[in-house]
Amino acid sequence: MNTPILQATGLTRRFGGLTAVAGVDLSLGLHEIHAVIGTNGAGKSTLINMLSGELPPSEGHLHLQGRDVTGWSQPRLARHGIGRSYQRNNIFLPLTVRENCRLAAQSRAQRAWRLWEGARNCRMSGALADEAMERAGLAAHAGRLASELAHGQKRQLEVAMCLATQPVALLLDEPLAGMGAEESSRMLGLLRGLREGHAILLVEHDMDAVFSVADRITVMVNGAVIASGTPDEIRTNREVQLAYLGEAEDGGVPV
Ligand SMILES: Nc1ncnc2c1ncn2[C@@H]1O[C@H](COP(=O)(O)OP(=O)(O)O)[C@@H](O)[C@H]1O
Ligand SMILES: [Mg+2]
């Protein structure tokens with residue numbers, strides 16, 4: 001098997017007496033959409049925060065393409081290919097779509113002390129912004145203010161901003177939150193298209209979406225992983241049915 005892009009081993013995070021994430025093993029491969037599901041408070045966002053470097057783990061290890069990156073900061077991991085979006089919007093509303101994407105691109109290329117690189121960086125971040133908007137389906141909205149975008153387009157912009165940092169892994173926390181059916185299906189199409197060339201970790205509540213788009217699903221309960229497998233394996237997993245998804249009359253998962 002190829003080396004995973006991201007590999008978490010025994011990843012644990014405690015907040016005082018509360019263990020939000022408890023010894024999670026998780027592997028994220030290239031060309032894969034790996035969904036993490038679980039009820040509110042299961043530890044999904046905390047897990048993403050550790051994978052992106054926003055929170056240091058209390059215990060455990062994180063490897064990026066085989067290299068031990070445990071304890072690396074979020075900016076350092078971002079420079080090495082880990083992009084993320086947030087559960088809350090993280091965009092600059094008074095700026096245009098393109099300006100938001102350019103800032104995201106620059107945040108990765110940032111080497112402010114090398115001033116003579118300024119013009120080149122500027123061209124490069126413009127090109128990266130254009131490509132990211134194209135891939136995220138926002139090219140036609142490049143000049144619009146972010147504040148004028150519909151909710152679904154704002155989430156697309158978040159993905160575009162993430163793409164502008166040229167990530168190899170995309171960590172997406174509830175990208176479908178608050179979306180209507182049409183916006184959701186547009187976003188799912190976008191994610192399917194990004195699978196090629198990226199490793200995608202998706203935290204999502206919408207079970208229909210998860211089961212339709214994911215190659216692999218990991219189920220968390222109280223900070224721990226209770227099952228990980230293909231959508232079919234998860235659908236028919238007894239422990240998952242009992243703990244999380246609820247039992248359907250025919251014994252299958254109602255998705
Ligand atoms: N910064 C924090 N400080 C204290 N407790 C936290 C913090 N972040 C999350 N928690 C707690 O950790 C648990 C897991 O939260 P979270 O990772 O946000 O779950 P999920 O994203 O699955 O809903 C919850 O009980 C939450 O209250
Ligand atoms: Mg969350």
# chains A, B, ... in the order shown; residues from 1 in each chain; ligands from 1

call {"tool": "residues_near_ligand", "arguments": {"ligand": "ligand 1", "cutoff": "6 Å", "atoms": "only C-alpha atoms and all ligand atoms", "output": "ChimeraX atom specification"}}
result
/A:15,20,40-46

call {"tool": "write_last_selection", "arguments": {"atoms": "N, CA and C atoms", "output": "PDB file, in the first residue's frame"}}
result
ATOM      1  N   PHE A  15      -8.951  18.042  27.645  1.00  0.00           N
ATOM      2  CA  PHE A  15      -9.214  19.408  28.111  1.00  0.00           C
ATOM      3  C   PHE A  15      -9.501  19.278  29.602  1.00  0.00           C
ATOM      4  N   ALA A  20     -11.402  14.563  25.059  1.00  0.00           N
ATOM      5  CA  ALA A  20     -12.248  14.847  23.891  1.00  0.00           C
ATOM      6  C   ALA A  20     -11.952  13.875  22.752  1.00  0.00           C
ATOM      7  N   ASN A  40     -22.845  15.063  18.054  1.00  0.00           N
ATOM      8  CA  ASN A  40     -22.243  16.285  18.586  1.00  0.00           C
ATOM      9  C   ASN A  40     -21.412  15.972  19.813  1.00  0.00           C
ATOM     10  N   GLY A  41     -20.224  16.541  19.863  1.00  0.00           N
ATOM     11  CA  GLY A  41     -19.364  16.329  21.028  1.00  0.00           C
ATOM     12  C   GLY A  41     -18.542  15.058  20.957  1.00  0.00           C
ATOM     13  N   ALA A  42     -18.618  14.335  19.836  1.00  0.00           N
ATOM     14  CA  ALA A  42     -17.873  13.068  19.706  1.00  0.00           C
ATOM     15  C   ALA A  42     -16.366  13.300  19.607  1.00  0.00           C
ATOM     16  N   GLY A  43     -15.972  14.532  19.255  1.00  0.00           N
ATOM     17  CA  GLY A  43     -14.539  14.834  19.184  1.00  0.00           C
ATOM     18  C   GLY A  43     -14.028  15.062  17.766  1.00  0.00           C
ATOM     19  N   LYS A  44     -14.955  15.222  16.811  1.00  0.00           N
ATOM     20  CA  LYS A  44     -14.562  15.332  15.403  1.00  0.00           C
ATOM     21  C   LYS A  44     -13.756  16.610  15.134  1.00  0.00           C
ATOM     22  N   SER A  45     -14.273  17.750  15.626  1.00  0.00           N
ATOM     23  CA  SER A  45     -13.554  19.014  15.376  1.00  0.00           C
ATOM     24  C   SER A  45     -12.214  19.021  16.103  1.00  0.00           C
ATOM     25  N   THR A  46     -12.189  18.466  17.299  1.00  0.00           N
ATOM     26  CA  THR A  46     -10.922  18.393  18.033  1.00  0.00           C
ATOM     27  C   THR A  46      -9.915  17.544  17.269  1.00  0.00           C
TER      28      THR A  46
END

call {"tool": "residues_near_ligand", "arguments": {"ligand": "ligand 2", "cutoff": "12 Å", "atoms": "only C-alpha atoms and all ligand atoms", "output": "ChimeraX atom specification"}}
result
/A:20,36-49,85-88,172-175,177,202-205,220,223

call {"tool": "write_last_selection", "arguments": {"atoms": "C-alpha atoms", "output": "tab-separated table (two decimals), in the first residue's frame"}}
result
chain	number	residue	atom	x	y	z
A	20	ALA	CA	-12.25	14.85	23.89
A	36	VAL	CA	-15.50	11.09	10.06
A	37	ILE	CA	-18.95	10.89	11.59
A	38	GLY	CA	-20.26	10.96	15.13
A	39	THR	CA	-22.83	12.77	17.24
A	40	ASN	CA	-22.24	16.29	18.59
A	41	GLY	CA	-19.36	16.33	21.03
A	42	ALA	CA	-17.87	13.07	19.71
A	43	GLY	CA	-14.54	14.83	19.18
A	44	LYS	CA	-14.56	15.33	15.40
A	45	SER	CA	-13.55	19.01	15.38
A	46	THR	CA	-10.92	18.39	18.03
A	47	LEU	CA	-9.52	15.62	15.87
A	48	ILE	CA	-9.37	17.93	12.82
A	49	ASN	CA	-7.75	20.61	14.99
A	85	SER	CA	-11.67	24.76	6.36
A	86	TYR	CA	-13.53	25.65	9.50
A	87	GLN	CA	-16.92	24.83	10.94
A	88	ARG	CA	-17.54	28.57	11.09
A	172	LEU	CA	-13.12	19.96	5.84
A	173	ASP	CA	-15.27	20.51	8.92
A	174	GLU	CA	-18.95	20.32	7.99
A	175	PRO	CA	-18.71	21.88	4.52
A	177	ALA	CA	-23.69	22.84	7.10
A	202	LEU	CA	-14.56	15.23	5.68
A	203	VAL	CA	-16.44	15.76	8.92
A	204	GLU	CA	-20.12	15.88	8.06
A	205	HIS	CA	-23.53	15.43	9.66
A	220	MET	CA	-16.43	8.23	16.58
A	223	GLY	CA	-13.74	10.57	21.45

call {"tool": "residues_around", "arguments": {"residues": "region 124-130 of chain A", "least_positions_apart": "2", "cutoff": "9 Å", "atoms": "only C-alpha atoms", "output": "ChimeraX atom specification"}}
result
/A:98-106,109,119-122,132-135,139,142,160-161,163-166

call {"tool": "closest_residue", "arguments": {"among": "A:Ile200, A:Val225, A:Cys162, A:Val69", "to": "Ser107 (chain A)", "atoms": "only C-alpha atoms"}}
result
A:Cys162

call {"tool": "select_by_dssp", "arguments": {"residues": "region 61-204 of chain A", "states": "alpha helix (DSSP H)", "output": "short mmCIF file (atom, residue, chain, number, x, y, z; two decimals) with N, CA and C atoms, in the first residue's frame"}}
result
data_model
loop_
_atom_site.label_atom_id
_atom_site.label_comp_id
_atom_site.auth_asym_id
_atom_site.auth_seq_id
_atom_site.Cartn_x
_atom_site.Cartn_y
_atom_site.Cartn_z
N GLN A 74 0.15 24.93 13.06
CA GLN A 74 -0.74 24.97 11.89
C GLN A 74 -0.07 25.64 10.68
N PRO A 75 0.61 26.80 10.85
CA PRO A 75 1.25 27.40 9.66
C PRO A 75 2.32 26.49 9.05
N ARG A 76 3.05 25.81 9.90
CA ARG A 76 4.11 24.92 9.39
C ARG A 76 3.50 23.74 8.63
N LEU A 77 2.44 23.16 9.20
CA LEU A 77 1.77 22.05 8.49
C LEU A 77 1.14 22.56 7.20
N ALA A 78 0.61 23.77 7.23
CA ALA A 78 0.00 24.33 6.01
C ALA A 78 1.06 24.46 4.91
N ARG A 79 2.25 24.89 5.29
CA ARG A 79 3.32 25.01 4.29
C ARG A 79 3.72 23.65 3.74
N VAL A 97 -13.99 37.85 -3.75
CA VAL A 97 -13.69 36.42 -3.79
C VAL A 97 -12.22 36.22 -4.16
N ARG A 98 -11.79 36.95 -5.21
CA ARG A 98 -10.41 36.78 -5.66
C ARG A 98 -9.41 37.25 -4.61
N GLU A 99 -9.72 38.37 -3.94
CA GLU A 99 -8.81 38.87 -2.91
C GLU A 99 -8.69 37.87 -1.75
N ASN A 100 -9.81 37.28 -1.38
CA ASN A 100 -9.76 36.26 -0.33
C ASN A 100 -8.85 35.11 -0.74
N CYS A 101 -8.98 34.67 -2.00
CA CYS A 101 -8.16 33.54 -2.46
C CYS A 101 -6.68 33.93 -2.54
N ARG A 102 -6.44 35.16 -2.97
CA ARG A 102 -5.03 35.61 -3.04
C ARG A 102 -4.39 35.68 -1.68
N LEU A 103 -5.14 36.16 -0.70
CA LEU A 103 -4.59 36.22 0.65
C LEU A 103 -4.26 34.82 1.15
N ALA A 104 -5.16 33.88 0.84
CA ALA A 104 -4.93 32.50 1.28
C ALA A 104 -3.66 31.97 0.62
N ALA A 105 -3.51 32.23 -0.70
CA ALA A 105 -2.32 31.76 -1.42
C ALA A 105 -1.06 32.38 -0.83
N GLN A 106 -1.14 33.68 -0.51
CA GLN A 106 0.03 34.37 0.04
C GLN A 106 0.39 33.84 1.43
N SER A 107 -0.63 33.45 2.18
CA SER A 107 -0.35 33.00 3.54
C SER A 107 0.58 31.79 3.52
N ARG A 108 0.51 31.02 2.44
CA ARG A 108 1.42 29.89 2.38
C ARG A 108 2.80 30.30 1.86
N ALA A 109 2.80 31.23 0.87
CA ALA A 109 4.06 31.61 0.23
C ALA A 109 4.83 32.63 1.06
N GLY A 118 8.72 40.04 -3.87
CA GLY A 118 7.36 40.54 -3.79
C GLY A 118 6.57 40.45 -5.08
N ALA A 119 7.17 40.94 -6.17
CA ALA A 119 6.43 40.97 -7.43
C ALA A 119 6.12 39.56 -7.92
N ARG A 120 7.09 38.68 -7.79
CA ARG A 120 6.88 37.31 -8.25
C ARG A 120 5.80 36.61 -7.41
N ASN A 121 5.89 36.80 -6.09
CA ASN A 121 4.87 36.23 -5.22
C ASN A 121 3.49 36.73 -5.57
N CYS A 122 3.45 38.00 -5.93
CA CYS A 122 2.18 38.63 -6.26
C CYS A 122 1.57 37.96 -7.49
N ARG A 123 2.42 37.75 -8.52
CA ARG A 123 1.93 37.06 -9.73
C ARG A 123 1.52 35.64 -9.41
N MET A 124 2.35 34.99 -8.58
CA MET A 124 2.09 33.60 -8.27
C MET A 124 0.79 33.46 -7.49
N SER A 125 0.58 34.34 -6.51
CA SER A 125 -0.63 34.20 -5.70
C SER A 125 -1.86 34.51 -6.55
N GLY A 126 -1.72 35.41 -7.52
CA GLY A 126 -2.83 35.69 -8.44
C GLY A 126 -3.19 34.47 -9.26
N ALA A 127 -2.15 33.78 -9.76
CA ALA A 127 -2.39 32.58 -10.56
C ALA A 127 -3.01 31.47 -9.71
N LEU A 128 -2.51 31.33 -8.50
CA LEU A 128 -3.06 30.29 -7.62
C LEU A 128 -4.52 30.60 -7.27
N ALA A 129 -4.80 31.89 -7.05
CA ALA A 129 -6.18 32.28 -6.74
C ALA A 129 -7.10 31.96 -7.90
N ASP A 130 -6.64 32.27 -9.13
CA ASP A 130 -7.48 32.01 -10.30
C ASP A 130 -7.76 30.53 -10.46
N GLU A 131 -6.72 29.71 -10.26
CA GLU A 131 -6.90 28.28 -10.41
C GLU A 131 -7.85 27.73 -9.34
N ALA A 132 -7.68 28.23 -8.12
CA ALA A 132 -8.52 27.75 -7.01
C ALA A 132 -9.98 28.11 -7.25
N MET A 133 -10.23 29.34 -7.74
CA MET A 133 -11.61 29.76 -8.00
C MET A 133 -12.22 28.91 -9.10
N GLU A 134 -11.41 28.62 -10.12
CA GLU A 134 -11.87 27.78 -11.23
C GLU A 134 -12.29 26.40 -10.71
N ARG A 135 -11.41 25.78 -9.92
CA ARG A 135 -11.69 24.43 -9.43
C ARG A 135 -12.88 24.40 -8.48
N HIS A 151 -25.02 31.61 0.95
CA HIS A 151 -24.37 30.77 1.96
C HIS A 151 -23.52 29.65 1.33
N GLY A 152 -24.10 28.96 0.36
CA GLY A 152 -23.38 27.85 -0.27
C GLY A 152 -22.12 28.33 -0.99
N GLN A 153 -22.22 29.52 -1.59
CA GLN A 153 -21.05 30.06 -2.29
C GLN A 153 -19.95 30.44 -1.30
N LYS A 154 -20.36 30.87 -0.11
CA LYS A 154 -19.34 31.19 0.92
C LYS A 154 -18.58 29.92 1.30
N ARG A 155 -19.31 28.82 1.40
CA ARG A 155 -18.61 27.56 1.73
C ARG A 155 -17.70 27.13 0.57
N GLN A 156 -18.16 27.38 -0.66
CA GLN A 156 -17.30 27.10 -1.82
C GLN A 156 -16.04 27.96 -1.76
N LEU A 157 -16.23 29.21 -1.33
CA LEU A 157 -15.08 30.11 -1.21
C LEU A 157 -14.09 29.58 -0.18
N GLU A 158 -14.61 29.02 0.91
CA GLU A 158 -13.72 28.43 1.91
C GLU A 158 -12.89 27.31 1.29
N VAL A 159 -13.53 26.49 0.46
CA VAL A 159 -12.79 25.41 -0.18
C VAL A 159 -11.78 26.00 -1.16
N ALA A 160 -12.19 27.04 -1.89
CA ALA A 160 -11.27 27.70 -2.83
C ALA A 160 -10.06 28.27 -2.09
N MET A 161 -10.30 28.89 -0.94
CA MET A 161 -9.20 29.46 -0.17
C MET A 161 -8.25 28.37 0.32
N CYS A 162 -8.85 27.26 0.66
CA CYS A 162 -8.04 26.11 1.08
C CYS A 162 -7.21 25.63 -0.12
N LEU A 163 -7.82 25.54 -1.30
CA LEU A 163 -7.11 25.07 -2.50
C LEU A 163 -5.98 26.02 -2.90
N ALA A 164 -6.21 27.31 -2.65
CA ALA A 164 -5.19 28.31 -3.03
C ALA A 164 -3.90 28.12 -2.25
N ALA A 181 -30.54 21.57 -0.71
CA ALA A 181 -30.23 20.38 -1.51
C ALA A 181 -29.35 20.72 -2.72
N GLU A 182 -29.68 21.83 -3.39
CA GLU A 182 -28.94 22.17 -4.61
C GLU A 182 -27.50 22.57 -4.30
N GLU A 183 -27.35 23.38 -3.24
CA GLU A 183 -26.00 23.79 -2.84
C GLU A 183 -25.17 22.59 -2.40
N SER A 184 -25.83 21.67 -1.66
CA SER A 184 -25.12 20.47 -1.20
C SER A 184 -24.63 19.65 -2.37
N SER A 185 -25.50 19.45 -3.35
CA SER A 185 -25.07 18.58 -4.44
C SER A 185 -23.97 19.24 -5.27
N ARG A 186 -23.97 20.57 -5.34
CA ARG A 186 -22.87 21.25 -6.03
C ARG A 186 -21.56 21.03 -5.27
N MET A 187 -21.64 21.17 -3.95
CA MET A 187 -20.43 20.98 -3.13
C MET A 187 -19.94 19.53 -3.23
N LEU A 188 -20.86 18.57 -3.23
CA LEU A 188 -20.44 17.16 -3.33
C LEU A 188 -19.77 16.89 -4.67
N GLY A 189 -20.30 17.50 -5.73
CA GLY A 189 -19.66 17.36 -7.05
C GLY A 189 -18.25 17.93 -7.02
N LEU A 190 -18.12 19.06 -6.35
CA LEU A 190 -16.81 19.70 -6.21
C LEU A 190 -15.84 18.78 -5.47
N LEU A 191 -16.30 18.19 -4.38
CA LEU A 191 -15.42 17.30 -3.59
C LEU A 191 -15.03 16.06 -4.39
N ARG A 192 -15.99 15.51 -5.12
CA ARG A 192 -15.67 14.34 -5.95
C ARG A 192 -14.56 14.67 -6.94
N GLY A 193 -14.66 15.87 -7.53
CA GLY A 193 -13.66 16.29 -8.50
C GLY A 193 -12.29 16.52 -7.87
N LEU A 194 -12.28 16.84 -6.59
CA LEU A 194 -11.00 17.14 -5.91
C LEU A 194 -10.32 15.88 -5.40
N ARG A 195 -11.07 14.78 -5.39
CA ARG A 195 -10.49 13.52 -4.88
C ARG A 195 -9.21 13.19 -5.66
#

call {"tool": "atom_distance", "arguments": {"atom1": "CA of Gln241 (chain A)", "atom2": "CA of Glu59 (chain A)"}}
result
29.3 Å

call {"tool": "select_by_dssp", "arguments": {"residues": "region 51-199 of chain A", "states": "strand (DSSP E or B)", "output": "ChimeraX atom specification"}}
result
/A:59-64,67-68,82-84,96,145,169-173,199

call {"tool": "write_last_selection", "arguments": {"atoms": "C-alpha atoms", "output": "tab-separated table (two decimals), in the first residue's frame"}}
result
chain	number	residue	atom	x	y	z
A	59	GLU	CA	-0.64	12.02	23.38
A	60	GLY	CA	-0.08	10.17	20.16
A	61	HIS	CA	1.65	10.84	16.87
A	62	LEU	CA	0.95	12.41	13.52
A	63	HIS	CA	2.83	11.48	10.37
A	64	LEU	CA	2.65	13.43	7.12
A	67	ARG	CA	7.45	12.07	8.36
A	68	ASP	CA	6.80	12.58	12.06
A	82	ILE	CA	-2.29	20.44	5.02
A	83	GLY	CA	-5.20	22.70	4.17
A	84	ARG	CA	-8.33	23.07	6.21
A	96	THR	CA	-13.72	40.14	-3.10
A	145	LEU	CA	-17.58	40.91	-2.49
A	169	ALA	CA	-4.64	17.03	2.20
A	170	LEU	CA	-7.90	18.94	2.66
A	171	LEU	CA	-9.52	18.81	6.09
A	172	LEU	CA	-13.12	19.96	5.84
A	173	ASP	CA	-15.27	20.51	8.92
A	199	ALA	CA	-6.57	13.39	0.21

call {"tool": "atom_distance", "arguments": {"atom1": "CA of Val210 (chain A)", "atom2": "CA of Leu176 (chain A)"}}
result
10.2 Å

call {"tool": "atom_distance", "arguments": {"atom1": "CA of Thr230 (chain A)", "atom2": "CA of Asp215 (chain A)"}}
result
6.0 Å

call {"tool": "residues_around", "arguments": {"residues": "Glu233 (chain A)", "least_positions_apart": "3", "cutoff": "12 Å", "atoms": "only C-alpha atoms", "output": "list of chain:residue names"}}
result
A:Phe211, A:Asp215, A:Arg216, A:Ile217, A:Thr218, A:Val219, A:Ala227, A:Ser228, A:Gly229, A:Thr230, A:Thr236, A:Asn237, A:Arg238, A:Glu239, A:Val240, A:Gln241, A:Gly252, A:Val253

call {"tool": "write_last_selection", "arguments": {"atoms": "N, CA and C atoms", "output": "compact mmCIF listing (two decimals), in the first residue's frame"}}
result
# COMPACT_ATOMS: atom_id res chain seq x y z
N PHE A 211 -22.59 8.96 2.95
CA PHE A 211 -22.60 7.61 2.37
C PHE A 211 -22.51 7.65 0.84
N ASP A 215 -15.23 7.30 0.45
CA ASP A 215 -14.62 6.01 0.14
C ASP A 215 -14.46 5.20 1.42
N ARG A 216 -14.28 5.94 2.51
CA ARG A 216 -14.05 5.31 3.80
C ARG A 216 -14.75 6.15 4.86
N ILE A 217 -15.30 5.48 5.86
CA ILE A 217 -15.99 6.20 6.93
C ILE A 217 -15.44 5.72 8.27
N THR A 218 -15.12 6.69 9.13
CA THR A 218 -14.69 6.37 10.49
C THR A 218 -15.75 6.92 11.44
N VAL A 219 -16.15 6.09 12.38
CA VAL A 219 -17.22 6.47 13.31
C VAL A 219 -16.64 6.70 14.70
N ALA A 227 -15.54 2.21 14.72
CA ALA A 227 -15.50 1.44 13.47
C ALA A 227 -14.92 2.29 12.37
N SER A 228 -14.28 1.64 11.40
CA SER A 228 -13.75 2.34 10.24
C SER A 228 -13.81 1.36 9.08
N GLY A 229 -14.35 1.81 7.95
CA GLY A 229 -14.45 0.89 6.82
C GLY A 229 -15.14 1.54 5.64
N THR A 230 -15.47 0.74 4.65
CA THR A 230 -16.18 1.26 3.48
C THR A 230 -17.61 1.61 3.91
N THR A 236 -23.49 -1.86 7.66
CA THR A 236 -23.90 -3.16 8.21
C THR A 236 -23.20 -3.49 9.53
N ASN A 237 -22.42 -2.54 10.06
CA ASN A 237 -21.70 -2.80 11.30
C ASN A 237 -22.66 -2.71 12.50
N ARG A 238 -22.72 -3.78 13.24
CA ARG A 238 -23.69 -3.89 14.33
C ARG A 238 -23.44 -2.83 15.40
N GLU A 239 -22.18 -2.65 15.75
CA GLU A 239 -21.85 -1.69 16.81
C GLU A 239 -22.24 -0.26 16.41
N VAL A 240 -22.02 0.03 15.13
CA VAL A 240 -22.38 1.37 14.63
C VAL A 240 -23.89 1.55 14.68
N GLN A 241 -24.60 0.52 14.26
CA GLN A 241 -26.06 0.59 14.27
C GLN A 241 -26.56 0.86 15.68
N GLY A 252 -30.70 -2.97 8.73
CA GLY A 252 -29.71 -2.14 8.04
C GLY A 252 -29.77 -0.73 8.59
N VAL A 253 -28.86 0.08 8.14
CA VAL A 253 -28.82 1.46 8.61
C VAL A 253 -29.71 2.31 7.72

call {"tool": "closest_residue", "arguments": {"among": "A:Val168, A:Phe92, A:Ala243, A:Gly178", "to": "Ala150 (chain A)", "atoms": "only C-alpha atoms"}}
result
A:Gly178

call {"tool": "closest_residue", "arguments": {"among": "A:Leu95, A:Leu18, A:Met50, A:Ala35", "to": "Gly143 (chain A)", "atoms": "only C-alpha atoms"}}
result
A:Leu95

call {"tool": "closest_residue", "arguments": {"among": "A:Ile33, A:Ala22, A:Leu6, A:Ala209", "to": "Ser52 (chain A)", "atoms": "only C-alpha atoms"}}
result
A:Leu6
